[in-house]
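**Student:** So I've got this file, coords.txt, and it contains compact mmCIF, C-alpha atoms:
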# COMPACT_ATOMS: atom_id res chain seq x y z
CA MET A 1 23.85 -8.94 -13.77
CA GLN A 2 24.64 -11.52 -11.09
CA GLN A 3 21.28 -13.28 -11.25
CA SER A 4 20.45 -16.36 -13.27
CA PRO A 5 18.10 -16.09 -16.27
CA GLU A 6 15.45 -17.96 -14.27
CA GLN A 7 15.70 -15.43 -11.42
CA ILE A 8 15.36 -12.58 -13.89
CA ARG A 9 12.40 -14.26 -15.59
CA GLN A 10 10.71 -14.60 -12.19
CA ALA A 11 11.37 -10.96 -11.36
CA TYR A 12 10.07 -9.74 -14.72
CA ARG A 13 6.92 -11.84 -14.37
CA GLN A 14 6.27 -10.54 -10.87
CA MET A 15 6.68 -6.95 -12.01
CA ARG A 16 4.38 -7.52 -14.99
CA LEU A 17 1.85 -9.20 -12.69
CA ILE A 18 1.79 -6.16 -10.39
CA ARG A 19 1.53 -3.75 -13.33
CA GLU A 20 -1.36 -5.57 -15.00
CA PHE A 21 -3.15 -6.26 -11.70
CA GLU A 22 -3.11 -2.53 -10.96
CA GLU A 23 -3.93 -1.31 -14.45
CA ARG A 24 -6.91 -3.66 -14.53
CA LEU A 25 -8.17 -2.44 -11.16
CA HIS A 26 -7.98 1.12 -12.51
CA ILE A 27 -10.34 0.02 -15.29
CA GLU A 28 -12.67 -2.05 -13.12
CA ASN A 29 -12.98 0.24 -10.09
CA PRO A 30 -15.24 2.90 -11.71
CA LYS A 31 -17.79 0.20 -12.62
CA GLY A 32 -19.04 0.18 -9.04
CA GLU A 33 -18.40 -3.50 -8.29
CA ILE A 34 -15.55 -2.88 -5.84
CA ALA A 35 -16.42 -1.51 -2.41
CA GLY A 36 -14.19 0.75 -0.35
CA PHE A 37 -11.08 2.74 -1.12
CA THR A 38 -8.46 1.41 -3.54
CA HIS A 39 -4.91 2.78 -3.66
CA LEU A 40 -2.77 1.70 -6.61
CA TYR A 41 0.96 0.93 -6.62
CA SER A 42 1.59 1.01 -10.39
CA GLY A 43 4.94 2.68 -11.17
CA GLN A 44 6.70 1.32 -8.07
CA GLU A 45 6.92 -2.36 -9.12
CA ALA A 46 10.72 -2.47 -9.16
CA ILE A 47 10.85 -1.67 -5.44
CA ALA A 48 8.52 -4.41 -4.17
CA VAL A 49 10.01 -7.07 -6.44
CA GLY A 50 13.63 -5.96 -5.96
CA VAL A 51 13.22 -6.34 -2.21
CA CYS A 52 11.08 -9.49 -2.06
CA GLU A 53 13.25 -11.44 -4.51
CA ASN A 54 15.87 -11.35 -1.73
CA LEU A 55 13.53 -12.80 0.88
CA ARG A 56 12.97 -16.36 2.07
CA ASP A 57 9.70 -18.09 2.92
CA GLY A 58 10.33 -17.58 6.64
CA ASP A 59 10.81 -13.83 6.35
CA TYR A 60 8.00 -11.40 7.13
CA ILE A 61 6.76 -8.29 5.38
CA ILE A 62 4.18 -5.72 6.32
CA SER A 63 2.66 -3.28 3.90
CA THR A 64 0.80 0.01 3.68
CA HIS A 65 -2.62 1.06 2.35
CA ARG A 66 -0.98 0.81 -1.12
CA GLY A 67 -0.28 -2.89 -0.64
CA HIS A 68 -1.19 -4.91 -3.75
CA GLY A 69 2.36 -4.82 -5.13
CA HIS A 70 3.94 -5.93 -1.86
CA CYS A 71 1.47 -8.82 -1.48
CA LEU A 72 2.07 -10.09 -5.01
CA ALA A 73 5.85 -9.73 -4.71
CA LYS A 74 5.84 -11.86 -1.53
CA GLY A 75 3.91 -14.59 -3.30
CA CYS A 76 0.26 -14.03 -2.39
CA ASP A 77 -2.18 -15.65 -4.80
CA PRO A 78 -3.43 -13.04 -7.33
CA ARG A 79 -6.79 -14.79 -7.70
CA GLY A 80 -7.32 -14.84 -3.92
CA MET A 81 -6.35 -11.17 -3.79
CA MET A 82 -8.76 -10.22 -6.58
CA HIS A 83 -11.58 -12.09 -4.82
CA GLU A 84 -10.72 -10.24 -1.60
CA ILE A 85 -10.84 -6.87 -3.34
CA TYR A 86 -14.25 -7.79 -4.76
CA GLY A 87 -15.39 -8.73 -1.22
CA ARG A 88 -15.88 -12.44 -1.90
CA ALA A 89 -16.07 -15.20 0.68
CA ASP A 90 -13.21 -17.08 -0.95
CA GLY A 91 -10.87 -14.09 -0.88
CA LEU A 92 -7.69 -14.18 1.18
CA GLY A 93 -9.51 -12.49 4.07
CA LYS A 94 -12.92 -14.06 3.35
CA GLY A 95 -14.00 -10.78 1.77
CA ARG A 96 -13.89 -8.84 5.03
CA GLY A 97 -10.77 -6.75 4.52
CA GLY A 98 -10.86 -5.59 0.93
CA SER A 99 -8.04 -3.78 -0.80
CA MET A 100 -6.41 -2.18 2.25
CA HIS A 101 -6.29 -5.23 4.52
CA ILE A 102 -4.97 -8.12 2.45
CA ALA A 103 -2.88 -10.58 4.48
CA ASP A 104 -1.56 -14.10 4.02
CA LEU A 105 0.28 -15.41 7.05
CA ASP A 106 1.33 -18.59 5.21
CA LYS A 107 3.36 -16.38 2.87
CA GLY A 108 4.79 -14.26 5.68
CA MET A 109 2.64 -11.36 4.55
CA LEU A 110 1.41 -9.87 7.84
CA GLY A 111 -1.01 -7.47 6.24
CA ALA A 112 -1.62 -4.26 4.42
CA ASN A 113 -2.77 -1.52 6.76
CA GLY A 114 -5.28 1.28 6.37
CA ILE A 115 -3.69 3.39 9.13
CA VAL A 116 -0.69 5.35 7.89
CA GLY A 117 2.50 4.19 9.65
CA ALA A 118 0.70 1.62 11.79
CA GLY A 119 2.55 -1.33 10.27
CA GLN A 120 5.86 -0.30 11.81
CA PRO A 121 5.24 -1.46 15.40
CA ILE A 122 3.87 -4.76 14.05
CA ALA A 123 7.00 -5.26 11.97
CA VAL A 124 9.16 -4.54 15.01
CA GLY A 125 7.31 -7.28 16.88
CA ALA A 126 7.92 -9.65 13.98
CA ALA A 127 11.60 -8.70 14.00
CA LEU A 128 11.77 -9.50 17.70
CA ALA A 129 10.29 -12.92 16.94
CA CYS A 130 12.91 -13.41 14.20
CA LYS A 131 15.69 -12.57 16.65
CA ALA A 132 14.26 -14.94 19.26
CA LYS A 133 14.08 -17.79 16.74
CA GLY A 134 17.69 -17.19 15.74
CA ASP A 135 17.18 -18.68 12.28
CA GLY A 136 18.41 -15.71 10.27
CA SER A 137 14.93 -14.57 9.29
CA VAL A 138 14.18 -10.86 8.91
CA SER A 139 11.17 -8.55 9.12
CA VAL A 140 10.62 -6.02 6.34
CA SER A 141 8.32 -3.01 6.48
CA PHE A 142 7.35 -0.84 3.52
CA THR A 143 6.84 2.84 4.32
CA GLY A 144 5.93 5.74 2.05
CA ASP A 145 7.43 9.20 2.29
CA GLY A 146 4.22 10.46 3.91
CA ALA A 147 4.17 7.75 6.59
CA SER A 148 7.82 8.45 7.34
CA ASN A 149 6.63 11.57 9.20
CA GLN A 150 4.57 9.51 11.66
CA GLY A 151 5.70 9.12 15.24
CA THR A 152 5.11 5.38 15.06
CA VAL A 153 7.88 5.15 12.46
CA PHE A 154 10.33 7.04 14.69
CA GLU A 155 9.44 4.84 17.67
CA ALA A 156 9.89 1.72 15.57
CA MET A 157 13.30 2.87 14.34
CA ASN A 158 14.45 3.66 17.87
CA MET A 159 13.22 0.35 19.29
CA ALA A 160 14.77 -1.64 16.43
CA VAL A 161 18.14 -0.01 17.17
CA VAL A 162 17.87 -0.43 20.94
CA LEU A 163 16.99 -4.12 20.61
CA LYS A 164 19.36 -4.64 17.64
CA LEU A 165 16.61 -6.32 15.63
CA PRO A 166 16.81 -7.91 12.13
CA LYS A 167 14.49 -5.24 10.78
CA VAL A 168 14.60 -3.80 7.26
CA PHE A 169 12.91 -0.45 6.74
CA VAL A 170 12.06 0.00 3.06
CA LEU A 171 11.40 3.69 2.47
CA GLU A 172 9.49 4.28 -0.77
CA ASN A 173 9.55 7.92 -1.82
CA ASN A 174 6.96 8.27 -4.57
CA GLY A 175 7.05 12.05 -4.31
CA TYR A 176 3.65 12.62 -2.71
CA SER A 177 2.16 12.32 0.74
CA GLU A 178 -1.46 12.01 -0.39
CA HIS A 179 -1.62 15.36 -2.23
CA THR A 180 1.44 17.08 -0.73
CA GLY A 181 4.84 17.02 -2.41
CA ALA A 182 7.60 15.27 -0.47
CA SER A 183 9.87 18.27 -1.11
CA TYR A 184 7.44 20.38 0.96
CA GLY A 185 6.27 17.88 3.57
CA ILE A 186 9.51 16.28 4.78
CA GLY A 187 11.92 18.15 7.03
CA SER A 188 15.56 17.35 6.30
CA ASP A 189 15.61 14.23 4.07
CA LEU A 190 14.74 10.57 4.53
CA LYS A 191 18.35 9.36 4.40
CA THR A 192 19.78 11.79 6.94
CA ARG A 193 16.81 11.40 9.25
CA THR A 194 17.08 7.58 9.23
CA GLU A 195 20.84 7.64 9.71
CA GLY A 196 20.22 9.85 12.73
CA PHE A 197 18.82 6.80 14.49
CA GLY A 198 22.03 4.91 13.74
CA ILE A 199 20.47 2.90 10.89
CA PRO A 200 22.60 2.39 7.74
CA VAL A 201 20.76 3.42 4.57
CA TYR A 202 21.23 1.66 1.22
CA GLU A 203 20.00 3.84 -1.66
CA ALA A 204 18.50 2.56 -4.90
CA ASP A 205 16.88 3.80 -8.10
CA GLY A 206 13.24 2.83 -7.57
CA PHE A 207 12.62 2.62 -11.31
CA ASP A 208 15.36 0.01 -11.78
CA TYR A 209 14.78 -3.55 -10.53
CA PHE A 210 18.49 -4.38 -10.58
CA SER A 211 19.41 -1.31 -8.55
CA VAL A 212 16.81 -2.14 -5.90
CA TYR A 213 17.75 -5.83 -5.87
CA ASP A 214 21.44 -5.07 -5.26
CA ALA A 215 20.77 -2.51 -2.52
CA ALA A 216 18.23 -4.78 -0.81
CA ARG A 217 20.60 -7.77 -1.00
CA GLU A 218 23.31 -5.90 0.87
CA ALA A 219 20.86 -4.53 3.42
CA ILE A 220 19.11 -7.84 4.07
CA GLU A 221 22.39 -9.75 4.36
CA ALA A 222 23.51 -7.27 7.03
CA ALA A 223 20.26 -7.72 8.93
CA ARG A 224 20.45 -11.54 8.69
CA ALA A 225 24.01 -11.40 10.06
CA GLY A 226 22.75 -9.84 13.29
CA ASN A 227 24.06 -6.35 12.66
CA GLY A 228 20.78 -4.70 13.67
CA PRO A 229 18.27 -2.73 11.60
CA VAL A 230 18.98 -1.36 8.14
CA ALA A 231 17.07 0.70 5.61
CA VAL A 232 16.62 0.74 1.84
CA LEU A 233 15.68 4.09 0.33
CA ALA A 234 14.21 3.99 -3.17
CA THR A 235 12.65 6.82 -5.17
CA ALA A 236 10.05 6.28 -7.89
CA THR A 237 6.56 7.59 -8.63
CA ARG A 238 3.00 6.36 -8.61
CA TYR A 239 1.08 6.60 -11.85
CA PHE A 240 -2.36 6.99 -10.35
CA GLY A 241 -3.79 9.21 -7.65
CA HIS A 242 -3.53 8.81 -3.91
CA PHE A 243 -6.80 6.87 -4.19
CA GLU A 244 -8.87 5.79 -7.14
CA GLY A 245 -10.92 8.82 -8.15
CA ASP A 246 -8.25 11.34 -7.16
CA PRO A 247 -7.99 13.74 -10.18
CA GLN A 248 -4.34 14.55 -9.34
CA ASN A 249 -4.71 18.27 -9.94
CA TYR A 250 -1.62 18.80 -7.80
CA ARG A 251 0.65 17.21 -10.44
CA ALA A 252 2.27 19.04 -13.31
CA LYS A 253 0.85 18.66 -16.80
CA ASP A 254 2.25 15.54 -18.50
CA GLU A 255 4.21 14.58 -15.35
CA VAL A 256 3.00 10.98 -15.34
CA LYS A 257 3.23 10.74 -19.13
CA ASN A 258 6.89 11.80 -18.98
CA PHE A 259 7.70 9.23 -16.28
CA ARG A 260 6.03 6.47 -18.31
CA GLU A 261 7.95 7.41 -21.45
CA THR A 262 11.40 7.85 -19.90
CA VAL A 263 12.12 5.91 -16.69
CA ASP A 264 9.24 3.43 -16.42
CA ALA A 265 10.27 0.30 -14.47
CA MET A 266 8.86 -2.16 -17.03
CA LYS A 267 10.49 -0.29 -19.91
CA THR A 268 13.81 -0.26 -18.03
CA ILE A 269 13.93 -3.97 -17.22
CA ARG A 270 12.89 -4.92 -20.76
CA GLU A 271 15.62 -2.79 -22.28
CA LYS A 272 18.25 -4.16 -19.91
CA VAL A 273 17.52 -7.87 -20.32
CA THR A 274 17.02 -7.73 -24.08
CA GLY A 275 20.09 -5.50 -24.46
CA ALA A 276 22.16 -8.03 -22.51
CA GLY A 277 20.83 -10.85 -24.69
CA ILE A 278 19.23 -12.70 -21.75
CA PHE A 279 15.74 -12.76 -23.28
CA THR A 280 14.25 -11.64 -26.56
CA ALA A 281 11.37 -9.20 -26.76
CA GLU A 282 9.21 -12.06 -28.03
CA GLU A 283 9.99 -14.18 -24.96
CA LEU A 284 9.01 -11.31 -22.68
CA ASP A 285 5.83 -10.78 -24.71
CA GLU A 286 4.89 -14.41 -23.99
CA ILE A 287 5.18 -13.75 -20.26
CA ASP A 288 3.04 -10.63 -20.68
CA ALA A 289 0.33 -12.62 -22.46
CA GLU A 290 0.32 -15.33 -19.78
CA VAL A 291 -0.04 -12.70 -17.05
CA LEU A 292 -2.86 -10.90 -18.87
CA ALA A 293 -4.76 -14.18 -19.22
CA LEU A 294 -4.33 -14.80 -15.49
CA ILE A 295 -5.69 -11.34 -14.64
CA ASP A 296 -8.66 -11.78 -16.98
CA SER A 297 -9.49 -15.08 -15.30
CA ALA A 298 -9.08 -13.65 -11.79
CA VAL A 299 -11.40 -10.71 -12.49
CA GLU A 300 -14.06 -12.90 -14.07
CA SER A 301 -14.06 -15.43 -11.23
CA ALA A 302 -14.03 -12.65 -8.61
CA ARG A 303 -17.01 -11.02 -10.25
CA ASN A 304 -18.95 -14.26 -9.90
CA GLY A 305 -17.54 -15.38 -6.53
CA PRO A 306 -19.67 -16.13 -3.44
CA VAL A 307 -20.65 -13.29 -1.14
CA PRO A 308 -19.79 -13.88 2.56
CA GLY A 309 -22.75 -14.75 4.76
CA ALA A 310 -23.48 -13.51 8.26
CA ASP A 311 -21.53 -16.41 9.77
CA ILE A 312 -18.36 -15.23 8.03
CA MET A 313 -19.00 -11.55 8.65
CA MET A 314 -19.36 -12.16 12.38
CA SER A 315 -16.44 -14.56 12.70
CA ASP A 316 -13.14 -13.42 14.26
CA VAL A 317 -14.81 -10.29 15.61
CA TYR A 318 -14.89 -11.23 19.30
CA LEU A 319 -12.52 -13.46 21.25
CA ASP A 320 -14.00 -15.78 23.86
CA TYR A 321 -11.83 -16.84 26.77
Show the structure stored in the file as structure tokens.
**Tutor:**
Amino acid sequence: MQQSPEQIRQAYRQMRLIREFEERLHIENPKGEIAGFTHLYSGQEAIAVGVCENLRDGDYIISTHRGHGHCLAKGCDPRGMMHEIYGRADGLGKGRGGSMHIADLDKGMLGANGIVGAGQPIAVGAALACKAKGDGSVSVSFTGDGASNQGTVFEAMNMAVVLKLPKVFVLENNGYSEHTGASYGIGSDLKTRTEGFGIPVYEADGFDYFSVYDAAREAIEAARAGNGPVAVLATATRYFGHFEGDPQNYRAKDEVKNFRETVDAMKTIREKVTGAGIFTAEELDEIDAEVLALIDSAVESARNGPVPGADIMMSDVYLDY
């Protein structure tokens, strides 16, 4: 492990924050207080954190409809996110975007996106801005295996190569495109297809933070050096359905249970850092308790937060010249 104990502590806390944020939303969503669709990221924490721990403040990311984990990993405020998901006026988007449209430009988080694959062209534009600034910044896009079939993704890959942009394509294969298995829905495979555009692919175990961190470090360093676009391919699984309320009848019996018991990302990082003597189980438990208290507080304040008025709802809708 090449990282300092403080770096590892930060990574563990971020992963625990994502896990508890998502698990709590799974509990709260059926109560009817959260409007709109909610898509959970739980199970894929190692990917978001392994990538974002390699990023600087001036780097950009863009997410998908399953964006909570990416937002938290890039440093978005969990309380502001919870208020946004509850549709409150003091949420990160003033309560107008909800779960699928969380953004925080001050953190370089350009937005989650409700349209599958639509973040790619935006991330290419951000990469062009990075190249123009010439400060070594990079633009990172997260893409699921389902979105990888979209034409916008192919166009983005081609343009990033043609313009030799500092663009990092993070391909997250969680095994399902909505309700369709990746083994059925993807022609060829994600690695070969991406390499066909001339983009080097760095592979990682999506259940293992250290594997993702190392692969992302190499990829991002290459992009910062001006070598053009790169990709990180990580495979994991999502623990919940495509959307909250999805009964997941397309999954095998005990499939999720087996993943949780064998290769779970939180289980893996705990075993590795305690096994290496970096932290004790009790020290990690203290982090867990601090995160749980933060989530409890965020949910309670979001539940009682102010509802946006008509002035907020109508703001930023039209542009006057």
**Student:** Can you pull out every residue within 12 Å of A:Lys257, counting all atoms listed in the file, but drop anything in the same chain fewer than 3 positions away, and send it as number ranges by chain?
**Tutor:** A: 43, 237-240, 251-254, 260-264
**Student:** Is there a way to get, as a list in words, all residues within 9 Å of the point (16.8, -3.8, -6.4) in file coordinates, counting all atoms listed in the file?
**Tutor:**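 Checked against the point, the hits come out as Ala46, Ile47, Ala48, Val49, Gly50, Val51, Glu53, Asn54, Ala204, Asp205, Gly206, Asp208, Tyr209, Phe210, Ser211, Val212, Tyr213, Asp214, Ala215, Ala216, Arg217 and Ala234 of chain A.
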**Student:** Where's the centre, and what are the edge lengths in Å to one decimal, of a box along x, y and z enclosing all listed atoms of stretch 301-309 of chain A padded 6 Å per side, as lines of an AutoDock Vina configuration file?
**Tutor:**
center_x = -18.4
center_y = -13.6
center_z = -3.2
size_x = 20.7
size_y = 17.1
size_z = 28.0
**Student:** Could you tell me how far atom CA of A:Ser42 sits from atom CA of A:Ala219, in Å to one decimal place?
**Tutor:**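 Separation of atom CA of A:Ala219 and atom CA of A:Ser42: 24.3 Å.
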**Student:** In Å to one decimal, how far is atom CA of A:Glu195 from atom CA of A:Lys164?
**Tutor:**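 Separating atom CA of A:Lys164 from atom CA of A:Glu195 is a distance of 14.7 Å.
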**Student:** Kindly indicate which residue among A:Val162, A:Ala310, A:Leu55, A:Leu284 lies nearest to A:Asn227, using all atoms listed in the file for the distances.
**Tutor:**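 For A:Asn227, the nearest of the given residues is A:Val162.
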**Student:** Measuring atom to atom with all atoms listed in the file, identify which of A:Gly181, A:Thr194, A:Arg224, A:Glu172 is nearest to A:Asn158.
**Tutor:**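 Closest candidate: A:Thr194.
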**Student:** Return the single residue from A:Lys167, A:His179, A:Ala103, A:Pro121 that is closest to A:Val153, with distances computed using only C-alpha atoms.
**Tutor:**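 Closest to A:Val153, using only C-alpha atoms: A:Pro121.
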**Student:** Check which residues of stretch 137-180 of chain A sit at most 9 Å from stretch 58-76 of chain A using only C-alpha atoms, and return one row each with the closest pair of atoms and their distance in Å to one decimal, ordered by chain and rising number, as a tab-separated table.
**Tutor:**
residue	atom	partner	partner_atom	distance
A:Ser137	CA	A:Asp59	CA	5.1
A:Val138	CA	A:Asp59	CA	5.2
A:Ser139	CA	A:Tyr60	CA	4.7
A:Val140	CA	A:Ile61	CA	4.6
A:Ser141	CA	A:Ile62	CA	5.0
A:Phe142	CA	A:Ser63	CA	5.3
A:Thr143	CA	A:Thr64	CA	6.7
A:Gly144	CA	A:Thr64	CA	7.9
A:Ala147	CA	A:Thr64	CA	8.9
**Student:** A:Arg16, A:His26, A:Arg9, A:His242: which is nearest A:Asp288, counting all atoms listed in the file?
**Tutor:**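 Answer, going by the shortest atom-to-atom distance: A:Arg16.
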